[in-house]
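> Pasting start-v9.txt below, which is compact mmCIF, N, CA and C atoms.
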```txt
# COMPACT_ATOMS: atom_id res chain seq x y z
N MET A 1 121.20 108.29 81.28
CA MET A 1 122.29 107.56 81.90
C MET A 1 122.95 108.45 82.95
N ASN A 2 123.34 107.83 84.05
CA ASN A 2 123.91 108.58 85.16
C ASN A 2 125.37 108.89 84.96
N ASP A 3 125.79 109.98 85.53
CA ASP A 3 127.20 110.37 85.56
C ASP A 3 127.87 109.51 86.63
N THR A 4 128.78 108.62 86.24
CA THR A 4 129.39 107.70 87.20
C THR A 4 130.24 108.42 88.23
N SER A 5 130.61 109.66 87.98
CA SER A 5 131.39 110.40 88.97
C SER A 5 130.55 110.71 90.20
N ARG A 6 129.24 110.60 90.07
CA ARG A 6 128.38 110.83 91.23
C ARG A 6 127.82 109.52 91.77
N ASP A 7 128.43 108.40 91.40
CA ASP A 7 127.99 107.09 91.86
C ASP A 7 128.21 107.00 93.37
N PRO A 8 127.15 106.80 94.13
CA PRO A 8 127.27 106.79 95.59
C PRO A 8 127.92 105.51 96.11
N ASP A 9 128.27 105.53 97.37
CA ASP A 9 128.77 104.35 98.07
C ASP A 9 127.54 103.54 98.45
N TRP A 10 127.13 102.68 97.54
CA TRP A 10 125.88 101.93 97.68
C TRP A 10 125.81 101.16 98.99
N PHE A 11 126.85 100.37 99.27
CA PHE A 11 126.80 99.53 100.47
C PHE A 11 126.68 100.38 101.73
N ALA A 12 127.36 101.51 101.77
CA ALA A 12 127.28 102.38 102.95
C ALA A 12 125.86 102.92 103.12
N ILE A 13 125.24 103.33 102.03
CA ILE A 13 123.87 103.83 102.09
C ILE A 13 122.93 102.74 102.59
N PHE A 14 123.07 101.54 102.03
CA PHE A 14 122.19 100.44 102.39
C PHE A 14 122.43 99.98 103.83
N GLU A 15 123.70 99.91 104.23
CA GLU A 15 124.02 99.50 105.60
C GLU A 15 123.44 100.49 106.61
N LYS A 16 123.59 101.77 106.33
CA LYS A 16 123.06 102.79 107.24
C LYS A 16 121.55 102.66 107.36
N ALA A 17 120.89 102.39 106.24
CA ALA A 17 119.43 102.27 106.25
C ALA A 17 118.96 101.07 107.06
N ILE A 18 119.62 99.93 106.91
CA ILE A 18 119.13 98.74 107.62
C ILE A 18 119.58 98.70 109.08
N ASP A 19 120.48 99.60 109.45
CA ASP A 19 120.94 99.67 110.83
C ASP A 19 120.12 100.70 111.61
N THR A 20 118.81 100.57 111.51
CA THR A 20 117.88 101.47 112.20
C THR A 20 116.80 100.63 112.87
N SER A 21 115.95 101.28 113.63
CA SER A 21 114.86 100.57 114.30
C SER A 21 113.77 100.14 113.31
N GLU A 22 113.72 100.78 112.15
CA GLU A 22 112.74 100.43 111.11
C GLU A 22 113.49 100.23 109.79
N PRO A 23 114.22 99.12 109.66
CA PRO A 23 115.09 98.95 108.49
C PRO A 23 114.35 98.93 107.15
N THR A 24 113.19 98.32 107.09
CA THR A 24 112.47 98.27 105.80
C THR A 24 112.07 99.67 105.36
N ASN A 25 111.50 100.43 106.28
CA ASN A 25 111.10 101.80 105.93
C ASN A 25 112.30 102.66 105.58
N SER A 26 113.38 102.51 106.32
CA SER A 26 114.59 103.32 106.07
C SER A 26 115.21 102.98 104.72
N LEU A 27 115.30 101.69 104.41
CA LEU A 27 115.87 101.31 103.12
C LEU A 27 114.96 101.75 101.98
N ARG A 28 113.66 101.62 102.17
CA ARG A 28 112.71 102.08 101.15
C ARG A 28 112.89 103.57 100.88
N LYS A 29 113.00 104.36 101.95
CA LYS A 29 113.19 105.80 101.80
C LYS A 29 114.49 106.11 101.06
N SER A 30 115.55 105.37 101.36
CA SER A 30 116.83 105.57 100.67
C SER A 30 116.69 105.29 99.17
N ILE A 31 115.96 104.24 98.84
CA ILE A 31 115.74 103.89 97.44
C ILE A 31 114.91 104.96 96.74
N VAL A 32 113.90 105.47 97.42
CA VAL A 32 113.08 106.54 96.84
C VAL A 32 113.95 107.77 96.55
N ILE A 33 114.81 108.12 97.49
CA ILE A 33 115.70 109.27 97.29
C ILE A 33 116.61 109.04 96.09
N LEU A 34 117.21 107.85 96.01
CA LEU A 34 118.09 107.54 94.88
C LEU A 34 117.31 107.54 93.56
N ARG A 35 116.10 107.05 93.60
CA ARG A 35 115.25 107.05 92.39
C ARG A 35 114.97 108.49 91.98
N ASN A 36 114.65 109.34 92.94
CA ASN A 36 114.38 110.75 92.65
C ASN A 36 115.63 111.48 92.17
N ASP A 37 116.80 110.97 92.53
CA ASP A 37 118.07 111.55 92.08
C ASP A 37 118.43 111.10 90.66
N GLY A 38 117.59 110.25 90.08
CA GLY A 38 117.80 109.88 88.68
C GLY A 38 118.29 108.47 88.42
N PHE A 39 118.49 107.69 89.45
CA PHE A 39 118.90 106.31 89.22
C PHE A 39 117.69 105.49 88.78
N THR A 40 117.90 104.63 87.81
CA THR A 40 116.79 103.84 87.26
C THR A 40 116.45 102.69 88.20
N PRO A 41 115.22 102.19 88.09
CA PRO A 41 114.85 101.00 88.88
C PRO A 41 115.80 99.83 88.61
N GLU A 42 116.23 99.70 87.37
CA GLU A 42 117.13 98.60 87.02
C GLU A 42 118.47 98.74 87.72
N GLU A 43 119.01 99.96 87.74
CA GLU A 43 120.28 100.21 88.44
C GLU A 43 120.14 99.89 89.93
N LEU A 44 119.05 100.34 90.51
CA LEU A 44 118.83 100.12 91.93
C LEU A 44 118.65 98.64 92.24
N GLN A 45 117.95 97.95 91.35
CA GLN A 45 117.75 96.52 91.55
C GLN A 45 119.09 95.77 91.52
N VAL A 46 119.94 96.11 90.58
CA VAL A 46 121.26 95.47 90.49
C VAL A 46 122.06 95.73 91.78
N LYS A 47 122.05 96.96 92.25
CA LYS A 47 122.82 97.30 93.45
C LYS A 47 122.26 96.58 94.68
N LEU A 48 120.93 96.50 94.78
CA LEU A 48 120.34 95.77 95.90
C LEU A 48 120.66 94.28 95.84
N GLU A 49 120.68 93.72 94.64
CA GLU A 49 121.02 92.30 94.50
C GLU A 49 122.48 92.05 94.91
N LEU A 50 123.37 92.95 94.55
CA LEU A 50 124.76 92.82 94.98
C LEU A 50 124.88 92.92 96.50
N PHE A 51 124.11 93.81 97.07
CA PHE A 51 124.10 93.96 98.52
C PHE A 51 123.57 92.69 99.19
N ARG A 52 122.56 92.09 98.61
CA ARG A 52 122.01 90.82 99.12
C ARG A 52 123.09 89.74 99.15
N LYS A 53 123.85 89.65 98.07
CA LYS A 53 124.92 88.65 98.03
C LYS A 53 125.90 88.85 99.18
N LYS A 54 126.23 90.10 99.44
CA LYS A 54 127.13 90.42 100.55
C LYS A 54 126.51 89.97 101.87
N LEU A 55 125.25 90.29 102.07
CA LEU A 55 124.57 89.92 103.31
C LEU A 55 124.54 88.41 103.50
N LEU A 56 124.26 87.70 102.44
CA LEU A 56 124.17 86.24 102.53
C LEU A 56 125.52 85.61 102.84
N THR A 57 126.60 86.18 102.30
CA THR A 57 127.93 85.64 102.63
C THR A 57 128.29 85.91 104.10
N GLU A 58 127.62 86.88 104.69
CA GLU A 58 127.85 87.21 106.10
C GLU A 58 126.80 86.57 107.02
N ASN A 59 125.98 85.68 106.45
CA ASN A 59 124.92 84.99 107.21
C ASN A 59 123.95 85.96 107.89
N ARG A 60 123.57 86.99 107.17
CA ARG A 60 122.66 88.02 107.70
C ARG A 60 121.29 87.87 107.04
N GLU A 61 120.63 86.76 107.35
CA GLU A 61 119.36 86.44 106.72
C GLU A 61 118.27 87.46 107.04
N ASP A 62 118.25 87.98 108.27
CA ASP A 62 117.23 88.96 108.63
C ASP A 62 117.37 90.23 107.79
N ASP A 63 118.59 90.67 107.60
CA ASP A 63 118.84 91.85 106.76
C ASP A 63 118.50 91.56 105.31
N ASP A 64 118.77 90.33 104.87
CA ASP A 64 118.41 89.93 103.51
C ASP A 64 116.90 90.01 103.31
N ASP A 65 116.14 89.62 104.31
CA ASP A 65 114.67 89.71 104.22
C ASP A 65 114.22 91.16 104.01
N VAL A 66 114.89 92.09 104.66
CA VAL A 66 114.58 93.51 104.51
C VAL A 66 114.81 93.93 103.06
N VAL A 67 115.94 93.53 102.51
CA VAL A 67 116.27 93.89 101.13
C VAL A 67 115.25 93.27 100.17
N LEU A 68 114.86 92.04 100.42
CA LEU A 68 113.86 91.39 99.56
C LEU A 68 112.53 92.15 99.60
N ASP A 69 112.14 92.61 100.79
CA ASP A 69 110.90 93.40 100.89
C ASP A 69 110.99 94.67 100.05
N VAL A 70 112.12 95.35 100.14
CA VAL A 70 112.29 96.60 99.39
C VAL A 70 112.38 96.32 97.88
N LEU A 71 113.00 95.23 97.50
CA LEU A 71 113.00 94.84 96.09
C LEU A 71 111.58 94.64 95.58
N ASP A 72 110.72 94.07 96.41
CA ASP A 72 109.32 93.90 96.02
C ASP A 72 108.67 95.26 95.73
N PHE A 73 108.95 96.26 96.57
CA PHE A 73 108.42 97.61 96.32
C PHE A 73 108.96 98.17 95.01
N LEU A 74 110.22 97.90 94.75
CA LEU A 74 110.88 98.46 93.57
C LEU A 74 110.36 97.84 92.28
N VAL A 75 110.11 96.54 92.27
CA VAL A 75 109.67 95.87 91.04
C VAL A 75 108.15 95.77 90.94
N GLY A 76 107.44 96.22 91.99
CA GLY A 76 105.99 96.25 91.92
C GLY A 76 105.29 95.02 92.45
N TRP A 77 106.02 94.16 93.14
CA TRP A 77 105.40 92.97 93.75
C TRP A 77 104.92 93.33 95.15
N CYS A 78 103.94 94.23 95.19
CA CYS A 78 103.43 94.72 96.47
C CYS A 78 102.01 95.23 96.25
N SER A 79 101.40 95.66 97.31
CA SER A 79 100.05 96.23 97.21
C SER A 79 100.05 97.46 96.33
N PRO A 80 98.97 97.68 95.60
CA PRO A 80 98.88 98.88 94.77
C PRO A 80 99.12 100.15 95.61
N GLY A 81 99.89 101.05 95.06
CA GLY A 81 100.20 102.30 95.72
C GLY A 81 101.46 102.27 96.56
N GLN A 82 102.03 101.07 96.77
CA GLN A 82 103.26 100.98 97.55
C GLN A 82 104.50 100.88 96.69
N GLU A 83 104.31 100.84 95.39
CA GLU A 83 105.44 100.70 94.47
C GLU A 83 106.35 101.92 94.54
N ILE A 84 107.62 101.68 94.30
CA ILE A 84 108.58 102.77 94.15
C ILE A 84 108.66 103.05 92.66
N GLU A 85 108.22 104.22 92.27
CA GLU A 85 108.19 104.55 90.83
C GLU A 85 109.34 105.44 90.45
```
Starting from the file, lay out its structure as structure tokens.

Amino acid sequence: MNDTSRDPDWFAIFEKAIDTSEPTNSLRKSIVILRNDGFTPEELQVKLELFRKKLLTENREDDDDVVLDVLDFLVGWCSPGQEIE
């Protein structure tokens, strides 16, 4: 279980990642880093789903598509070898 005192500013991390020329790759890299820092796939999935809700309330469907792609990598709904473990 993670120490909540080190809980990052999730939305800021995700916003920074998708505000690049390669948002899917940037968000994927951010998730890999967070995973390597000890956050579980389940924790990351919950945070990404919350971020999706925010994006949808802001009518940001293109950004939502990016998050959905990265969720696929996280849960394994992707080509073999592309999963985030």
> List every residue of region 17-74 of chain A that DSSP, applied to the backbone, labels as helix (DSSP H, G or I), and write the result as a PyMOL selection string.
chain A and resi 17-18+23-36+41-57+61-74
> Env of region 29-36 of chain A: 8 Å cut, atoms = only C-alpha atoms, seq-sep filter 2 positions within chain, self excluded. Answer as a PDB file with N, CA and C atoms, in the coordinates of the input.

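Everything below was put into selection.pdb:
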```
ATOM      1  N   ILE A  13     125.240 103.330 102.030  1.00  0.00           N
ATOM      2  CA  ILE A  13     123.870 103.830 102.090  1.00  0.00           C
ATOM      3  C   ILE A  13     122.930 102.740 102.590  1.00  0.00           C
ATOM      4  N   PHE A  14     123.070 101.540 102.030  1.00  0.00           N
ATOM      5  CA  PHE A  14     122.190 100.440 102.390  1.00  0.00           C
ATOM      6  C   PHE A  14     122.430  99.980 103.830  1.00  0.00           C
ATOM      7  N   ALA A  17     120.890 102.390 106.240  1.00  0.00           N
ATOM      8  CA  ALA A  17     119.430 102.270 106.250  1.00  0.00           C
ATOM      9  C   ALA A  17     118.960 101.070 107.060  1.00  0.00           C
ATOM     10  N   ASN A  25     111.500 100.430 106.280  1.00  0.00           N
ATOM     11  CA  ASN A  25     111.100 101.800 105.930  1.00  0.00           C
ATOM     12  C   ASN A  25     112.300 102.660 105.580  1.00  0.00           C
ATOM     13  N   SER A  26     113.380 102.510 106.320  1.00  0.00           N
ATOM     14  CA  SER A  26     114.590 103.320 106.070  1.00  0.00           C
ATOM     15  C   SER A  26     115.210 102.980 104.720  1.00  0.00           C
ATOM     16  N   LEU A  27     115.300 101.690 104.410  1.00  0.00           N
ATOM     17  CA  LEU A  27     115.870 101.310 103.120  1.00  0.00           C
ATOM     18  C   LEU A  27     114.960 101.750 101.980  1.00  0.00           C
ATOM     19  N   GLY A  38     117.590 110.250  90.080  1.00  0.00           N
ATOM     20  CA  GLY A  38     117.800 109.880  88.680  1.00  0.00           C
ATOM     21  C   GLY A  38     118.290 108.470  88.420  1.00  0.00           C
ATOM     22  N   PHE A  39     118.490 107.690  89.450  1.00  0.00           N
ATOM     23  CA  PHE A  39     118.900 106.310  89.220  1.00  0.00           C
ATOM     24  C   PHE A  39     117.690 105.490  88.780  1.00  0.00           C
ATOM     25  N   THR A  40     117.900 104.630  87.810  1.00  0.00           N
ATOM     26  CA  THR A  40     116.790 103.840  87.260  1.00  0.00           C
ATOM     27  C   THR A  40     116.450 102.690  88.200  1.00  0.00           C
ATOM     28  N   PRO A  41     115.220 102.190  88.090  1.00  0.00           N
ATOM     29  CA  PRO A  41     114.850 101.000  88.880  1.00  0.00           C
ATOM     30  C   PRO A  41     115.800  99.830  88.610  1.00  0.00           C
ATOM     31  N   LEU A  44     119.050 100.340  90.510  1.00  0.00           N
ATOM     32  CA  LEU A  44     118.830 100.120  91.930  1.00  0.00           C
ATOM     33  C   LEU A  44     118.650  98.640  92.240  1.00  0.00           C
ATOM     34  N   ILE A  84     107.620 101.680  94.300  1.00  0.00           N
ATOM     35  CA  ILE A  84     108.580 102.770  94.150  1.00  0.00           C
ATOM     36  C   ILE A  84     108.660 103.050  92.660  1.00  0.00           C
ATOM     37  N   GLU A  85     108.220 104.220  92.270  1.00  0.00           N
ATOM     38  CA  GLU A  85     108.190 104.550  90.830  1.00  0.00           C
ATOM     39  C   GLU A  85     109.340 105.440  90.450  1.00  0.00           C
TER      40      GLU A  85
END
```
> Could you check which residues have any atom within 8 Å of (113.0, 97.9, 103.3), counting all atoms listed in the file with coordinates taken straight from the file, and then list them as JSON, numbers by chain?
{"A": [17, 18, 22, 23, 24, 25, 26, 27, 28, 29, 65, 66, 67, 68, 69, 70, 71]}
> Any chance you can output those residues with N, CA and C atoms as a PDB file, keeping the file's coordinate frame?

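The resulting file, part.pdb, is shown below:
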```
ATOM      1  N   ALA A  17     120.890 102.390 106.240  1.00  0.00           N
ATOM      2  CA  ALA A  17     119.430 102.270 106.250  1.00  0.00           C
ATOM      3  C   ALA A  17     118.960 101.070 107.060  1.00  0.00           C
ATOM      4  N   ILE A  18     119.620  99.930 106.910  1.00  0.00           N
ATOM      5  CA  ILE A  18     119.130  98.740 107.620  1.00  0.00           C
ATOM      6  C   ILE A  18     119.580  98.700 109.080  1.00  0.00           C
ATOM      7  N   GLU A  22     113.720 100.780 112.150  1.00  0.00           N
ATOM      8  CA  GLU A  22     112.740 100.430 111.110  1.00  0.00           C
ATOM      9  C   GLU A  22     113.490 100.230 109.790  1.00  0.00           C
ATOM     10  N   PRO A  23     114.220  99.120 109.660  1.00  0.00           N
ATOM     11  CA  PRO A  23     115.090  98.950 108.490  1.00  0.00           C
ATOM     12  C   PRO A  23     114.350  98.930 107.150  1.00  0.00           C
ATOM     13  N   THR A  24     113.190  98.320 107.090  1.00  0.00           N
ATOM     14  CA  THR A  24     112.470  98.270 105.800  1.00  0.00           C
ATOM     15  C   THR A  24     112.070  99.670 105.360  1.00  0.00           C
ATOM     16  N   ASN A  25     111.500 100.430 106.280  1.00  0.00           N
ATOM     17  CA  ASN A  25     111.100 101.800 105.930  1.00  0.00           C
ATOM     18  C   ASN A  25     112.300 102.660 105.580  1.00  0.00           C
ATOM     19  N   SER A  26     113.380 102.510 106.320  1.00  0.00           N
ATOM     20  CA  SER A  26     114.590 103.320 106.070  1.00  0.00           C
ATOM     21  C   SER A  26     115.210 102.980 104.720  1.00  0.00           C
ATOM     22  N   LEU A  27     115.300 101.690 104.410  1.00  0.00           N
ATOM     23  CA  LEU A  27     115.870 101.310 103.120  1.00  0.00           C
ATOM     24  C   LEU A  27     114.960 101.750 101.980  1.00  0.00           C
ATOM     25  N   ARG A  28     113.660 101.620 102.170  1.00  0.00           N
ATOM     26  CA  ARG A  28     112.710 102.080 101.150  1.00  0.00           C
ATOM     27  C   ARG A  28     112.890 103.570 100.880  1.00  0.00           C
ATOM     28  N   LYS A  29     113.000 104.360 101.950  1.00  0.00           N
ATOM     29  CA  LYS A  29     113.190 105.800 101.800  1.00  0.00           C
ATOM     30  C   LYS A  29     114.490 106.110 101.060  1.00  0.00           C
ATOM     31  N   ASP A  65     116.140  89.620 104.310  1.00  0.00           N
ATOM     32  CA  ASP A  65     114.670  89.710 104.220  1.00  0.00           C
ATOM     33  C   ASP A  65     114.220  91.160 104.010  1.00  0.00           C
ATOM     34  N   VAL A  66     114.890  92.090 104.660  1.00  0.00           N
ATOM     35  CA  VAL A  66     114.580  93.510 104.510  1.00  0.00           C
ATOM     36  C   VAL A  66     114.810  93.930 103.060  1.00  0.00           C
ATOM     37  N   VAL A  67     115.940  93.530 102.510  1.00  0.00           N
ATOM     38  CA  VAL A  67     116.270  93.890 101.130  1.00  0.00           C
ATOM     39  C   VAL A  67     115.250  93.270 100.170  1.00  0.00           C
ATOM     40  N   LEU A  68     114.860  92.040 100.420  1.00  0.00           N
ATOM     41  CA  LEU A  68     113.860  91.390  99.560  1.00  0.00           C
ATOM     42  C   LEU A  68     112.530  92.150  99.600  1.00  0.00           C
ATOM     43  N   ASP A  69     112.140  92.610 100.790  1.00  0.00           N
ATOM     44  CA  ASP A  69     110.900  93.400 100.890  1.00  0.00           C
ATOM     45  C   ASP A  69     110.990  94.670 100.050  1.00  0.00           C
ATOM     46  N   VAL A  70     112.120  95.350 100.140  1.00  0.00           N
ATOM     47  CA  VAL A  70     112.290  96.600  99.390  1.00  0.00           C
ATOM     48  C   VAL A  70     112.380  96.320  97.880  1.00  0.00           C
ATOM     49  N   LEU A  71     113.000  95.230  97.500  1.00  0.00           N
ATOM     50  CA  LEU A  71     113.000  94.840  96.090  1.00  0.00           C
ATOM     51  C   LEU A  71     111.580  94.640  95.580  1.00  0.00           C
TER      52      LEU A  71
END
```
> Would you work out the distance separating CA of Lys53 (chain A) from CA of Ser79 (chain A), expressed in Å to one decimal?
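CA of Ser79 (chain A) lies at a distance of 26.0 Å from CA of Lys53 (chain A).
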> Which value, in Å to one decimal, gives the distance between atom N of Gly76 (chain A) and atom N of Leu56 (chain A)?
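We find that atom N of Gly76 (chain A) and atom N of Leu56 (chain A) lie 21.6 Å from each other.
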> Find the distance between CA of Phe11 (chain A) and CA of Gly81 (chain A) and write it in Å to one decimal.
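CA of Gly81 (chain A) lies at a distance of 27.2 Å from CA of Phe11 (chain A).
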> Residues at most 8 Å from Gln82 (chain A), counting all atoms listed in the file, excluding those fewer than 5 positions away in the same chain, as a VMD selection string?
chain A and resid 72 to 74 76 to 77
